[in-house]
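In what follows, a single structure is set out as structure tokens and then discussed.
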2 protein chains.
Amino acid sequence: MHIKKQRLLTPGPTPLLPKALHAMMDSDVHHRTDDFRKVYSAVLRDLKELMGTANDVLVLVSSGSGAMEAAVQNTLSAGDKVVVCTAGKFGERWVELARAYSLNTVVVEAPYGAAVSPEQLDAALTPDVKAVLIQASESSTGSMHDLEAMGRLVKQTSAIFIVDAITGLGTMPLDIDGWGLDIVVGGSQKAFMVPPGIAFLSISKKAWAMGETSTLPRFYFNLKKELKNALNGESAWTPATSLMFAMAEALTYIKSLGMPKLIENAQLLARATRAAATALGLELFSSAPGNALTAIQAPSGIDSGVIIKEFRNRFGSIIANGQGSMKGQIFRIAHLGYFDFVDLFGMVAELELILAANGHPVEFGKGVAAVQRVYAEVALPRAAALAIS
Amino acid sequence: MHIKKQRLLTPGPTPLLPKALHAMMDSDVHHRTDDFRKVYSAVLRDLKELMGTANDVLVLVSSGSGAMEAAVQNTLSAGDKVVVCTAGKFGERWVELARAYSLNTVVVEAPYGAAVSPEQLDAALTPDVKAVLIQASESSTGSMHDLEAMGRLVKQTSAIFIVDAITGLGTMPLDIDGWGLDIVVGGSQKAFMVPPGIAFLSISKKAWAMGETSTLPRFYFNLKKELKNALNGESAWTPATSLMFAMAEALTYIKSLGMPKLIENAQLLARATRAAATALGLELFSSAPGNALTAIQAPSGIDSGVIIKEFRNRFGSIIANGQGSMKGQIFRIAHLGYFDFVDLFGMVAELELILAANGHPVEFGKGVAAVQRVYAEVALPRAAALAIS
């Protein structure tokens, strides 16, 4: 055994921003004081600015799934007809959640690795539909949905559009107000570079209005109560103070980088990863690949679990396997949040060695070179980039 | 600007062991208590075990240079004749130090990039020499000295052998007792993976004996006083408690890895770096390269300062420039301590892009492949390694 640094490289939790981690040590503070109100208000304000919406933005102490539940609980009533667009494990989570609340759930499905088309949604969007539930980025398969086109359809109806953008925020452009995304859910442990434990969501006027007649039971996830408290810089319940300090620091970093650059960063790494996979003779899993992560099919004869295990055992790198029936078939290289090109150089060099160790023919450095070419195209002087084959 | 993670990749301070860093948060403790004595004693015991010596081992709150001074102050007297073997900036530090204490200083020199030969030392080793001062690893040039052969020479005389092994410990085998290394100096911020602020040294019976007649002035660096206190698990002065907690954690990690593996880790990374440099058509600076770091000559027409700056500006990687007259000529890739192959994949991929950006012809991935081949040779199954060109 030589030195192997543990590197957390999964699509959530994602690598942590060191400054955000360090800020957690400042959390020896009471949450009903002005000191904390300042931090809490800054988080709400910065999230709103980075999400680019005029809608209300609220923070919850929960994982993203809690905010998904909050979105349903606070807007709908038992028996309401909802359309769930699903193309993977997270779409299926919406289905389970909707059924848990006895909603009349219409499932519009695309196979794993594909995206639900706007046409599919259109066909299901009858006038009695109260809500459409979907993922921006389906992180079990690496696919992304065309929310702009879908939003256009939903906007024309009385239904609200509830979007799980937990891995979508910070990895793809989301024009929340322009596209009519009524509720958009995010989580701290994704592109926001801090540990799990904080979720957040934006709520449109249309969603608030539907909430007025909603009768689903709710207690902890009470968005009206949260809104009332948020106006005073407070949370309804005891907030996760340490995570809030981390969020404040991470949001400051993301603002300094700029949300478009954060998104472009994921886009570039995704593009470079696709190029590397192709150079190594590997197949992508998604036909509608997004930027949060890239799902790559294990070469035939190699279980992707072996690849994951080799990443960890040989190099200390924690990489995501497939979920559910995709387990063993695919592995997922993440790009969302605090990832850079150097991370990718390392991951691809590791992958080449792992493939070689498992009998897959590999030319060392070929995948890395594909990543370098993408870097060179965008960041090297024109002359230098041209001189290179 | 996209995401660039700051990575400290210099030959000291070196990358920090996360567990050691976290342990610094436990340092809310008083140093004259049993709680702390336990930690302090463990550090002394583990250092002694890892250095592999029966000699006394003491810890000082200072950088390595402080322990170099302590070695001189506590053994010699003004006018004593000492031989300083110098092959770089750190050898020159011994010369300055010896002269600052009015020692009769004989300088045995090798040009930058070379090592002092045992024959050179032999010629200077007259019977009146009281001490020989040298570096195990000369980290300004990346060279290492043949301490085994030199120790054999010094052992036969009444002189003591004082070795600055600040970058030598954990990067090369050092048989302190077998080779007769009377004083061996180390520092926390090198292969020991914690921040700067702690130095340590081993002291042989021969060195203690010489200390009995030493008349050089000393106060803070009083080794006899430190030894007396160390026997009670204490330090003479207030110790750097947080760093001591970090050291305790790092030493536990190094013990679990094993000192031979830590050394082999540096050896492998050094070998892989030399292979990458050669693959990229670059010249090594040292004719006697050690494992702490590899000094590489910048290609003609490129100032190494530009390469350093590009590492930082393009990728956030902090790489060492040359020192003194070597500044601008060389850059130094470090291997000592908490470095792994993935760090090196990244550094070499970065270097390739930087060379390309500055007009040096590069085939992307070629240097990375050279590193991968070294990994494959030692860590891939034989069949897989053979199948790869």
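Ordering of the structure tokens sets the chain letters (A, B, ...); residue numbers start at 1 within each chain; ligands are numbered from 1 in the order shown.
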
Can you pull out the residues contacting Leu227 of chain B? Cut-off 9 Å, using only C-alpha atoms, and skip same-chain residues under 6 positions away; I want them as a VMD selection string. chain B and resid 56 to 58 235 to 236

Just the selected residues (N, CA and C atoms), exported as an mmCIF file, in the first residue's frame, please.
```cif
data_model
loop_
_atom_site.group_PDB
_atom_site.id
_atom_site.type_symbol
_atom_site.label_atom_id
_atom_site.label_comp_id
_atom_site.auth_asym_id
_atom_site.auth_seq_id
_atom_site.Cartn_x
_atom_site.Cartn_y
_atom_site.Cartn_z
ATOM 1 N N ASP B 56 18.597 9.451 21.422
ATOM 2 C CA ASP B 56 17.528 10.298 21.952
ATOM 3 C C ASP B 56 16.914 11.112 20.815
ATOM 4 N N VAL B 57 15.623 11.301 20.898
ATOM 5 C CA VAL B 57 14.938 12.149 19.912
ATOM 6 C C VAL B 57 14.204 13.250 20.661
ATOM 7 N N LEU B 58 14.435 14.494 20.261
ATOM 8 C CA LEU B 58 13.808 15.640 20.920
ATOM 9 C C LEU B 58 13.045 16.482 19.907
ATOM 10 N N SER B 235 7.900 19.633 27.520
ATOM 11 C CA SER B 235 8.880 20.399 26.765
ATOM 12 C C SER B 235 9.435 21.481 27.693
ATOM 13 N N ALA B 236 10.619 21.984 27.357
ATOM 14 C CA ALA B 236 11.244 22.997 28.210
ATOM 15 C C ALA B 236 10.419 24.284 28.203
#
```

Check which residues of chain B sit at most 9 Å from chain A using only C-alpha atoms, and return one row each with the closest pair of atoms and their distance in Å to one decimal, ordered by chain and rising number, as a tab-separated table.
```
residue	atom	partner	partner_atom	distance
B:Met1	CA	A:Leu257	CA	7.1
B:His2	CA	A:Asn265	CA	5.7
B:Ile3	CA	A:Asp340	CA	5.4
B:Lys4	CA	A:Asp340	CA	5.8
B:Lys5	CA	A:Asp340	CA	6.8
B:Leu17	CA	A:Lys5	CA	8.7
B:Leu257	CA	A:Met1	CA	7.1
B:Lys261	CA	A:His2	CA	6.0
B:Leu262	CA	A:His2	CA	6.9
B:Glu264	CA	A:His2	CA	7.7
B:Asn265	CA	A:His2	CA	5.7
B:Arg314	CA	A:Ala379	CA	8.5
B:Phe315	CA	A:Val342	CA	7.2
B:Gly337	CA	A:Ile3	CA	8.7
B:Tyr338	CA	A:Ile3	CA	6.9
B:Phe339	CA	A:Ile3	CA	6.8
B:Asp340	CA	A:Ile3	CA	5.5
B:Phe341	CA	A:Lys4	CA	7.8
B:Val342	CA	A:Gly346	CA	5.2
B:Asp343	CA	A:Gly346	CA	7.3
B:Leu344	CA	A:Gly346	CA	8.3
B:Phe345	CA	A:Gly346	CA	5.5
B:Gly346	CA	A:Val342	CA	5.2
B:Met347	CA	A:Val342	CA	7.9
B:Ala349	CA	A:Phe345	CA	6.6
B:Glu350	CA	A:Val342	CA	7.4
B:Glu352	CA	A:Gln372	CA	8.7
B:Leu353	CA	A:Gln372	CA	7.1
B:Ile354	CA	A:Leu380	CA	8.6
B:Ala356	CA	A:Ala384	CA	5.8
B:Ala357	CA	A:Ala384	CA	5.2
B:Asn358	CA	A:Ala384	CA	7.2
B:Gly359	CA	A:Ala384	CA	6.2
B:His360	CA	A:Ala384	CA	8.7
B:Pro361	CA	A:Ile388	CA	7.7
B:Val362	CA	A:Ile388	CA	7.2
B:Glu363	CA	A:Ile388	CA	7.2
B:Phe364	CA	A:Ala369	CA	4.9
B:Gly365	CA	A:Gly365	CA	4.2
B:Lys366	CA	A:Gly365	CA	6.2
B:Gly367	CA	A:Gly365	CA	8.0
B:Val368	CA	A:Gly365	CA	5.7
B:Ala369	CA	A:Gly365	CA	4.7
B:Ala370	CA	A:Phe364	CA	8.2
B:Gln372	CA	A:Phe364	CA	6.8
B:Arg373	CA	A:Phe364	CA	7.8
B:Tyr375	CA	A:Leu353	CA	8.4
B:Ala376	CA	A:Leu353	CA	7.2
B:Ala379	CA	A:Arg314	CA	8.5
B:Leu380	CA	A:Ala357	CA	5.7
B:Pro381	CA	A:Ala357	CA	6.3
B:Arg382	CA	A:Ala357	CA	9.0
B:Ala383	CA	A:Ala357	CA	8.4
B:Ala384	CA	A:Ala357	CA	5.2
B:Ala385	CA	A:Ala357	CA	7.4
B:Ala387	CA	A:Pro361	CA	7.9
B:Ile388	CA	A:Glu363	CA	7.2
B:Ser389	CA	A:Glu363	CA	7.5
```

Taking 6 positions as the minimum chain separation for residues in the same chain, which residues sit within 9 Å of Phe221 of chain B when counting only C-alpha atoms? Answer as an MDAnalysis selection string. chainID B and resid 60 66:67 69:71 73:74

Once you have the residues from the selection above, write them out as a PDB file, in the first residue's frame, restricted to C-alpha atoms.
```
ATOM      1  CA  LEU B  60      11.619  21.809  19.298  1.00  0.00           C
ATOM      2  CA  GLY B  66      16.222  26.232  14.446  1.00  0.00           C
ATOM      3  CA  ALA B  67      17.100  22.594  14.994  1.00  0.00           C
ATOM      4  CA  GLU B  69      21.244  25.847  15.018  1.00  0.00           C
ATOM      5  CA  ALA B  70      20.514  23.744  18.102  1.00  0.00           C
ATOM      6  CA  ALA B  71      22.754  20.976  16.738  1.00  0.00           C
ATOM      7  CA  GLN B  73      25.054  25.358  19.624  1.00  0.00           C
ATOM      8  CA  ASN B  74      24.825  22.265  21.779  1.00  0.00           C
TER       9      ASN B  74
END
```

What separates atom CA of Ala230 of chain B and atom CA of Tyr40 of chain B is a distance of 8.3 Å

Compile the contact shell of Pro15 of chain A as an mmCIF file with N, CA and C atoms, in the first residue's frame: residues with an atom at most 10 Å away, counting only C-alpha atoms, same-chain residues fewer than 2 positions apart removed.
```cif
data_model
loop_
_atom_site.group_PDB
_atom_site.id
_atom_site.type_symbol
_atom_site.label_atom_id
_atom_site.label_comp_id
_atom_site.auth_asym_id
_atom_site.auth_seq_id
_atom_site.Cartn_x
_atom_site.Cartn_y
_atom_site.Cartn_z
ATOM 1 N N ARG A 7 -10.420 10.891 -2.007
ATOM 2 C CA ARG A 7 -11.025 11.991 -2.756
ATOM 3 C C ARG A 7 -12.494 11.648 -3.002
ATOM 4 N N LEU A 8 -13.363 12.479 -2.492
ATOM 5 C CA LEU A 8 -14.801 12.278 -2.678
ATOM 6 C C LEU A 8 -15.194 12.911 -4.008
ATOM 7 N N LEU A 9 -15.524 12.080 -4.980
ATOM 8 C CA LEU A 9 -15.740 12.580 -6.341
ATOM 9 C C LEU A 9 -17.112 12.166 -6.869
ATOM 10 N N THR A 10 -18.069 12.027 -5.957
ATOM 11 C CA THR A 10 -19.398 11.589 -6.355
ATOM 12 C C THR A 10 -20.283 12.788 -6.713
ATOM 13 N N PRO A 11 -21.427 12.502 -7.359
ATOM 14 C CA PRO A 11 -22.334 13.609 -7.731
ATOM 15 C C PRO A 11 -23.155 14.103 -6.540
ATOM 16 N N GLY A 12 -22.703 13.910 -5.358
ATOM 17 C CA GLY A 12 -23.389 14.417 -4.176
ATOM 18 C C GLY A 12 -23.400 13.353 -3.105
ATOM 19 N N PRO A 13 -22.781 13.575 -1.953
ATOM 20 C CA PRO A 13 -22.030 14.793 -1.651
ATOM 21 C C PRO A 13 -20.877 14.997 -2.632
ATOM 22 N N LEU A 17 -15.846 22.867 -0.540
ATOM 23 C CA LEU A 17 -15.037 24.079 -0.650
ATOM 24 C C LEU A 17 -14.319 24.277 0.691
ATOM 25 N N PRO A 18 -12.981 24.288 0.715
ATOM 26 C CA PRO A 18 -12.285 24.382 2.018
ATOM 27 C C PRO A 18 -12.738 25.582 2.852
ATOM 28 N N GLN A 189 -25.482 19.922 -0.826
ATOM 29 C CA GLN A 189 -24.366 19.000 -1.074
ATOM 30 C C GLN A 189 -24.121 18.734 -2.556
ATOM 31 N N LYS A 190 -24.664 19.606 -3.406
ATOM 32 C CA LYS A 190 -24.472 19.404 -4.845
ATOM 33 C C LYS A 190 -23.558 20.503 -5.381
ATOM 34 N N ALA A 191 -24.017 21.307 -6.341
ATOM 35 C CA ALA A 191 -23.121 22.334 -6.877
ATOM 36 C C ALA A 191 -22.769 23.384 -5.840
ATOM 37 N N PHE A 192 -23.404 23.335 -4.657
ATOM 38 C CA PHE A 192 -23.180 24.370 -3.655
ATOM 39 C C PHE A 192 -22.033 24.054 -2.685
ATOM 40 N N MET A 193 -21.405 22.903 -2.877
ATOM 41 C CA MET A 193 -20.060 22.654 -2.328
ATOM 42 C C MET A 193 -19.973 22.517 -0.818
ATOM 43 N N VAL A 194 -21.127 22.315 -0.136
ATOM 44 C CA VAL A 194 -21.064 22.137 1.317
ATOM 45 C C VAL A 194 -21.686 20.786 1.672
ATOM 46 N N PRO A 195 -21.503 20.340 2.897
ATOM 47 C CA PRO A 195 -22.033 19.012 3.259
ATOM 48 C C PRO A 195 -23.566 18.969 3.190
ATOM 49 N N ALA A 334 -18.595 12.703 -11.839
ATOM 50 C CA ALA A 334 -19.318 13.924 -11.473
ATOM 51 C C ALA A 334 -18.585 15.192 -11.898
ATOM 52 N N HIS A 335 -19.354 16.238 -12.131
ATOM 53 C CA HIS A 335 -18.796 17.539 -12.542
ATOM 54 C C HIS A 335 -19.392 18.690 -11.759
ATOM 55 N N LEU A 336 -20.374 18.426 -10.915
ATOM 56 C CA LEU A 336 -21.151 19.521 -10.330
ATOM 57 C C LEU A 336 -20.487 20.114 -9.107
ATOM 58 N N GLY A 337 -20.336 21.431 -9.130
ATOM 59 C CA GLY A 337 -19.771 22.119 -7.985
ATOM 60 C C GLY A 337 -18.269 22.224 -8.055
ATOM 61 N N TYR A 338 -17.642 21.882 -6.948
ATOM 62 C CA TYR A 338 -16.217 22.170 -6.767
ATOM 63 C C TYR A 338 -15.343 21.084 -7.403
ATOM 64 N N PHE A 339 -15.398 21.009 -8.709
ATOM 65 C CA PHE A 339 -14.563 20.108 -9.502
ATOM 66 C C PHE A 339 -13.743 20.968 -10.459
#
```

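You will find atom CA of Ala248 of chain B at 5.3 Å from atom CA of Val43 of chain B.
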
Write out as a list in words which residues come within 9 Å of Ile330 of chain B when counting only C-alpha atoms, dropping same-chain ones fewer than 2 positions away. Thr141, Leu284, Phe285, Ala295, Ile296, Gln297, Ala298, Asp303, Ser304, Gly305, Ala320, Asn321, Gly322, Gln323, Met326, Lys327, Gly328 and Arg332 of chain B

Write the residues of the selection above to a file with C-alpha atoms, as a compact mmCIF listing (two decimals), in the first residue's frame.
```
# COMPACT_ATOMS: atom_id res chain seq x y z
CA THR B 141 18.63 21.04 -6.47
CA LEU B 284 16.69 16.88 -15.19
CA PHE B 285 18.80 19.30 -13.19
CA ALA B 295 14.22 19.53 -10.25
CA ILE B 296 13.48 19.91 -13.94
CA GLN B 297 15.13 22.42 -16.25
CA ALA B 298 12.81 24.76 -18.04
CA ASP B 303 11.74 31.14 -17.78
CA SER B 304 10.83 28.61 -15.11
CA GLY B 305 9.11 31.47 -13.29
CA ALA B 320 8.40 25.49 -6.40
CA ASN B 321 10.72 27.62 -8.50
CA GLY B 322 14.50 27.40 -8.32
CA GLN B 323 16.22 29.29 -5.52
CA MET B 326 18.68 28.58 -10.13
CA LYS B 327 15.60 30.82 -10.09
CA GLY B 328 14.16 31.01 -13.57
CA ARG B 332 10.71 21.51 -8.67
```

For Ala270 of chain A: contacts at 9 Å, only C-alpha atoms, fewer than 6 positions along chain excluded, given as a VMD selection string: chain A and resid 289 to 294 333 to 335

I'd like to know which residues of segment 31-110 of chain A are helix (DSSP H, G or I) (by DSSP, run on the backbone); could you write them as a ChimeraX atom specification? /A:34-51,64-73,89-100

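Atom CA of Pro196 of chain A lies 28.1 Å from atom CA of Phe245 of chain B.
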
Distance query segment 210-213 of chain A at most 7 Å, only C-alpha atoms, self and fewer than 4 positions along chain excluded, as a ChimeraX atom specification: /A:74-76,206

Write out, as an mmCIF file, in the first residue's frame, the residues just selected, with N, CA and C atoms.
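To be explicit, this is the file written out as out28.cif:
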```cif
data_model
loop_
_atom_site.group_PDB
_atom_site.id
_atom_site.type_symbol
_atom_site.label_atom_id
_atom_site.label_comp_id
_atom_site.auth_asym_id
_atom_site.auth_seq_id
_atom_site.Cartn_x
_atom_site.Cartn_y
_atom_site.Cartn_z
ATOM 1 N N ASN A 74 -47.220 21.474 0.438
ATOM 2 C CA ASN A 74 -47.643 22.861 0.597
ATOM 3 C C ASN A 74 -48.443 23.413 -0.571
ATOM 4 N N THR A 75 -48.683 22.554 -1.587
ATOM 5 C CA THR A 75 -49.403 23.079 -2.750
ATOM 6 C C THR A 75 -50.600 22.222 -3.150
ATOM 7 N N LEU A 76 -50.600 20.938 -2.785
ATOM 8 C CA LEU A 76 -51.589 20.013 -3.351
ATOM 9 C C LEU A 76 -52.544 19.463 -2.299
ATOM 10 N N LYS A 206 -47.806 31.689 -8.450
ATOM 11 C CA LYS A 206 -48.773 30.661 -8.880
ATOM 12 C C LYS A 206 -48.779 29.486 -7.883
#
```
